[in-house]
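> To start, I am sharing the structure in question, which I have written as C-alpha cells.
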Amino acid sequence: MQGQDSAPLSSIPGPSAARGIRGSRVLSGIFAGVMSGTLVATFSITLAALIFSGSLTQYLSRGIGMALAGSAIVGVLVSLGSSFRPAIAAPQENTAVVLALIASAIGTNMAGRADPFPTIVAVFSLSALVTGGVFLLLGVLRLGTLVRFIPYPVVGGFLAGTGWLLFTGSLSVMIDAPMTFGNLGVLLKTAAIINWAPGLGLGIVLTLLIRRYHHFLLLPGLLIAAIVLFYSIIYLGGGTVQQASAQGLLLGPFHGGALWPPMATSEISKVAWGEVFANSGNLFAIIMLATISILLNASGLEIATEREIDLDRELRATGVANLAAGLGFGMVGYLSLSESTLNHKAGAESRLAGIVSASICAAALFFGASVFSYFPKPVLGGLLVFLGLGFLVETLYDSWFRLPRVEYGLVVIILVVIAFAGFLEGIGVGIVVSSVLFAVNYSRIDVIKRSLVGGEVRSNVERSAGDEMTLEDRGRELYILQLQGYIFFGTSYTLLKRVHQRMLSEDSGPTRFVLLDFRHVDGIDSSAILSFVRMRKLAESHGVTLVLTDLPSAVKNQLERGGFFDDTKRVRFFTDLDHGLEWCENKILQAAPPSMLPPTKLLDELENVFGSRDLVSKFLEFLEKVEAPSGYRIYRQGDVSKDLYLIETGELAAILELSGGKTKRLRTMGPGTVVGESGLYLGAKRSATVVSVTPAVLYRLSIDSLERITRESPHLAAAFHQFVVRLLAERLVLATGASKSLFN
C-alpha cells in the first residue's frame with residue numbers, strides 16, 4: 001500500500017524526463033557561462049587597458065595576459081568553492097583603479113633608469129598573494145560579518161573615488177596619455193576629441209539605458225552593436241583598419257605570440273624592491289577595498305537572488321583563488337555581482353557556468369594578443385565611462401535622496417581628497433572623519449537612562465511607618481542615576497557634569513549619596529576613567545559618598561587600575577541595586593532624628609485586627625512559637641506550602657534561587673509581617689527561599705490550625721483573613737508602583 005508521504009507515480013520523473021532536466025541545466029549553464037565569459041574577458045581587457053595606458057601602453061598585451069590569467073584562475077577556483085553555485089569571480093574595477101595608480105607611479109619613477117614591467121608584475125602578484133592570505137585568514141576566523149561595521153558614507157566615498165578614477169582612466173585609455181588636472185587642455189585638441197567623444201557618448205548611453213532597463217542581454221547587445229557601428233562608420237567614411245589604428249582608435253597593434261606568462265622567471269632579478277615597498281600603502285588600500293567589495297558584493301547577491309550566501313566560505317574560497325593567482329602572475333579577483341546575477345537570471349544553477357566562463361578566459365590566453373588588436377578603444381573607453389558613471393551616479397545622485405546631509409558631505413569629502421591627493425589619503429580621511437562623526441553622534445546619546453531621588457525608589461526592605469516617613473522626607477539626600485550603553489570620554493563628561501551640578505545644587509537640600517547603577521552598562525573606555533577619578537575627588541571635597549552597584553568585573557578592574565578606588569572612603573560598591581539602596585537608606589535613617597511613630601509590633605497589628613488583646617491571645621493559642629537563629633532557613637523554594645509565619649521580632653529575607661547558583665533578594669521583612677501566605681492560600685509550592693537575617697521570633701500557623709480556627713472561632717478566622725488581604729493589597733501597590741520601575 002502506498003505510504004502517506006509517497007508521491008504519486010505519475011509525478012515522479014522517468015529516466016528520460018530526468019535526463020531532460022539535467023540536460024536543460026547543462027545547456028543553461030553553458031549558455032550562461034558563454035555570456036559571462038565573454039563579458040569577463042571584455043572587462044579584463046578593459047581593466048588591462050586602464051592600467052597599462054599612456055607610457056605603459058607598450059606592455060598592454062602582457063597586461064591583458066595578466067588580467068585574463070587572473071580571471072581564469074580566480075574564476076575556476078571560486079566557482080568550485082563558492083557557496084553560490086553559479087558564481088563568477090574575476091578582477092574588478094575597484095582594485096584595478098589602485099593597480100593603475102601603482103603602475104603609473106612605478107612607470108614614472110623608473111622612467112629612463114630600468115624596465116618597470118618586472119616591478120609592476122611583482123607588485124601585482126604580491127597584491128594577489130597578500131589579499132588572498134587576508135581573505136583566507138578572515139574566512140578561517142569567521143570574520144565575514146566585519147562588513148556590517150563599515151559606515152556606509154566611508155564605503156560610498158570609496159566607491160565615488162573609484163568612479164572618478166575610472167572616469168579619468170577612461171579618458172587616458174582613449175587619448176593614450178595620462179589624464180591629470182595639469183593637462184586638461186589636451187582633451188580640447190581635435191585629434192583627442194575624435195578619440196574620446198564617441199567613448200564618452202557610449203558611456204552615457206550605456207548608463208542611461210542600463211539604469212532604465214534591466215534585461216541581462218542589454219549590456220552585451222549594446223557592446224556588440226557599438227563595435228558594429230564603429231566599423232560601419234569606418235568603412236562608410238572610406239577609412240581603413242590601418243588608418244583607424246594609426247589614429248589610436250584601436251587597441252593594437254600588438255606583437256604576435258602568447259599572452260602568458262607575462263615575463264620569464266629570470267626577470268625576477270630585475271624587480272626594484274624599493275619601488276615595491278614604496279607602494280605598500282596602496283597595497284593596503286587594495287586589501288581594504290577588496291575585502292569591502294567582496295563582502296558587499298556577496299550581500300548584494302543575497303538580495304538580488306534571494307539566496308543565502310556564506311560570507312566566511314566566500315572569503316576562504318576567494319583567498320585560496322588569489323593565492324593561486326598570485327603564484328600564476330594573475331591579478332587580484334573576487335566575486336562579481338553583475339555576472340553572478342546574470343548567471344542566476346539565465347537559469348544557471350550549477351558550477352558549470354563559472355567553469356565555462358573561466359575556460360573562455362583561459363582559451364583567450366593562447367590565441368595571442370593579435371586577436372585583441374582590432375578592439376575599438378572608444379568601446380573600451382565607453383565601458384570604463386559606464387563603470388565610472390555608475391559609481392558616481394549611485395554615490396552622488398542616488399545618495400542625495402537617502403543620506404543625511406552630514407553623511408553625504410563625508411562622501412563628497414572623500415571623493416575630493418581621492419581626486420586631488422590620492423586613494424590612500426582619501427581612505428585615511430574617511431576613516432578619521434567617520435570616527436569623529438561617530439564619537440560626536442554617540443556622545444549625544446544620554447548615558448543616563450533614569451535619574452531619581454531616594455524618595456522615588458526604595459529597596460526591597462520592608463520598614464516601619466516611621467522609617468518610611470523619614471525616608472520620604474529625607475529622600476533627596478540620595479541621588480540615583482541608572483546608566484546605560486558604552487561609556488567613553490564624550491558620555492562620561494556629560495555624566496560628570498550632571499553629578500557635579502547635583503552636588504552644587506542646594507535647591508533640594510544637600511546631597512549625601514550618589515548611586516550609580518551599572519546594570520545596563522556594556523563597557524567603559526579607558527579615557528572615561530579620568531572622568532570617574534574627577535568625580536571621586538569632587539565627592540570627597542563635597543562630603544558625598546559614591547555608591548556603585550551591578551559593576552561588571554571588567555569595568556571594576558579598569559576603574560581600579562585607573563586609580564578610582566585609591567585611598568578613599570567615599571566609594572562603596574554593591575552586587576546589586578537593591579543592596580546599594582538598602583545601605584544608603586540605613587545611613588539616612590541613622591543620621592535622622594528618631595521617628596515620633598512607634599516601631600511596628602506584631603501584637604499591636606493583631607490588636608488592630610481583632611479589636612482586643614484577649615482575642616489576640618486566643619488567636620495565638622492556635623499558633624506555634626518558633627525561635628530562629630540568624631541564618632536559619634524557614635523554608636526552601638519548591639517546598640510544598642503547609643504553613644505561614646508571623647514575625648514578632650527580627651528580620652527574614654525572601655531569596656529567589658536562579659540558575660547557575662545565583663540568588664536574588666526579593667524583599668526583607670520585619671516585625672508585624674506575614675510570610676508564606678500566598679503558597680498556603682493557593683496551595684502552590686514555595687516560590688522563594690526564606691531565611692532569617694537576624695535572630696527572630698516567629699509564630700507558625702499550619703493549614704490544620706487554620707482549618708481548626710475556622711471551625712471553632714469563625715470570627716477570628718474572618719478577621720485574620722481580612723488582615724492577610726490588607727497586607728497582600730499593600731504589597732501589590734508597592735510592587736506595581738512607579739517606585740519599582742528602576743528595578744526593571
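In the C-alpha cells, chains take the letters A, B, ... in the order shown, each chain's residues start at 1, and ligands count up from 1 in the order shown.
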Fewer than 3 positions away in the same chain doesn't count, so skip those; otherwise give me all residues within 7 Å of range 627-632 of chain A, counting only C-alpha atoms, as a list in words.
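The contact residues come out as Val691, Ser692, Val693, Thr694, Pro695, Ala696, Val697 and Leu698 of chain A.
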> What lies within 9 Å of Phe43 in chain A using only C-alpha atoms, ignoring chain neighbours under 4 positions off, as a CSV table (one decimal) with C-alpha atoms, in the first residue's frame?

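As a result, result.csv now contains:
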chain,number,residue,atom,x,y,z
A,38,THR,CA,32.5,37.0,-22.9
A,39,LEU,CA,31.8,39.8,-20.6
A,47,LEU,CA,40.9,46.9,-17.0
A,48,ALA,CA,44.2,46.0,-18.5
A,91,PRO,CA,39.5,41.1,-11.4
A,92,GLN,CA,37.2,44.0,-10.5
A,93,GLU,CA,37.4,47.7,-11.3
A,380,LEU,CA,36.6,50.1,-24.2
A,383,LEU,CA,32.7,50.7,-21.0
A,384,LEU,CA,35.1,52.4,-18.5
> Pick from A:Asn297, A:Leu644, A:Pro253, A:Val186: nearest to Val241 in chain A, with only C-alpha atoms counted?
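Nearest to Val241 in chain A: A:Pro253.
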> Just checking: using only C-alpha atoms, which residue out of A:Ser687, A:Thr119, A:Ser526, A:Thr42 ends up closest to Ala272 in chain A?
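The answer is A:Thr119, which sits nearest to Ala272 in chain A.
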> Please report, as JSON lines, each residue of range 561-622 of chain A lying at most 10 Å from range 501-517 of chain A, together with the nearest pair of atoms and the separation in Å rounded to one decimal; use only C-alpha atoms, and order rows by chain and ascending residue number.

{"residue": "A:Arg570", "atom": "CA", "partner": "A:Phe513", "partner_atom": "CA", "distance": 9.3}
{"residue": "A:Val571", "atom": "CA", "partner": "A:Val514", "partner_atom": "CA", "distance": 9.7}
{"residue": "A:Arg572", "atom": "CA", "partner": "A:Leu515", "partner_atom": "CA", "distance": 9.2}
{"residue": "A:Phe573", "atom": "CA", "partner": "A:Leu515", "partner_atom": "CA", "distance": 9.2}
{"residue": "A:Phe574", "atom": "CA", "partner": "A:Asp517", "partner_atom": "CA", "distance": 9.7}
{"residue": "A:Asp576", "atom": "CA", "partner": "A:Asp517", "partner_atom": "CA", "distance": 8.1}
{"residue": "A:Leu577", "atom": "CA", "partner": "A:Asp517", "partner_atom": "CA", "distance": 6.5}
{"residue": "A:Gly580", "atom": "CA", "partner": "A:Leu515", "partner_atom": "CA", "distance": 7.6}
{"residue": "A:Leu581", "atom": "CA", "partner": "A:Leu515", "partner_atom": "CA", "distance": 8.0}
{"residue": "A:Cys584", "atom": "CA", "partner": "A:Phe513", "partner_atom": "CA", "distance": 7.1}
{"residue": "A:Glu585", "atom": "CA", "partner": "A:Phe513", "partner_atom": "CA", "distance": 9.9}
{"residue": "A:Lys587", "atom": "CA", "partner": "A:Phe513", "partner_atom": "CA", "distance": 9.5}
{"residue": "A:Ile588", "atom": "CA", "partner": "A:Arg512", "partner_atom": "CA", "distance": 8.8}
> Pick from A:Ala539, A:Val130, A:Arg85, A:Leu727: nearest to Leu283 in chain A, with only C-alpha atoms counted?
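When distances to Leu283 in chain A are compared using only C-alpha atoms, the smallest one comes from A:Val130.
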> Excluding Glu582 in chain A and residues on its chain fewer than 3 positions from it, collect all residues at most 12 Å away from it, counting only C-alpha atoms, and give them as a list in words.
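Skipping anything fewer than 3 positions along the chain leaves Gly454, Val457, Arg458, Ser459, Asn460, Val461, Glu462, Arg463, Leu471, Leu478, Leu515, Val547, Thr549, Phe574, Thr575, Asp576, Leu577, Asp578, His579, Glu585, Asn586, Lys587, Ile588, Leu589, Arg665, Arg667 and Thr668 of chain A.
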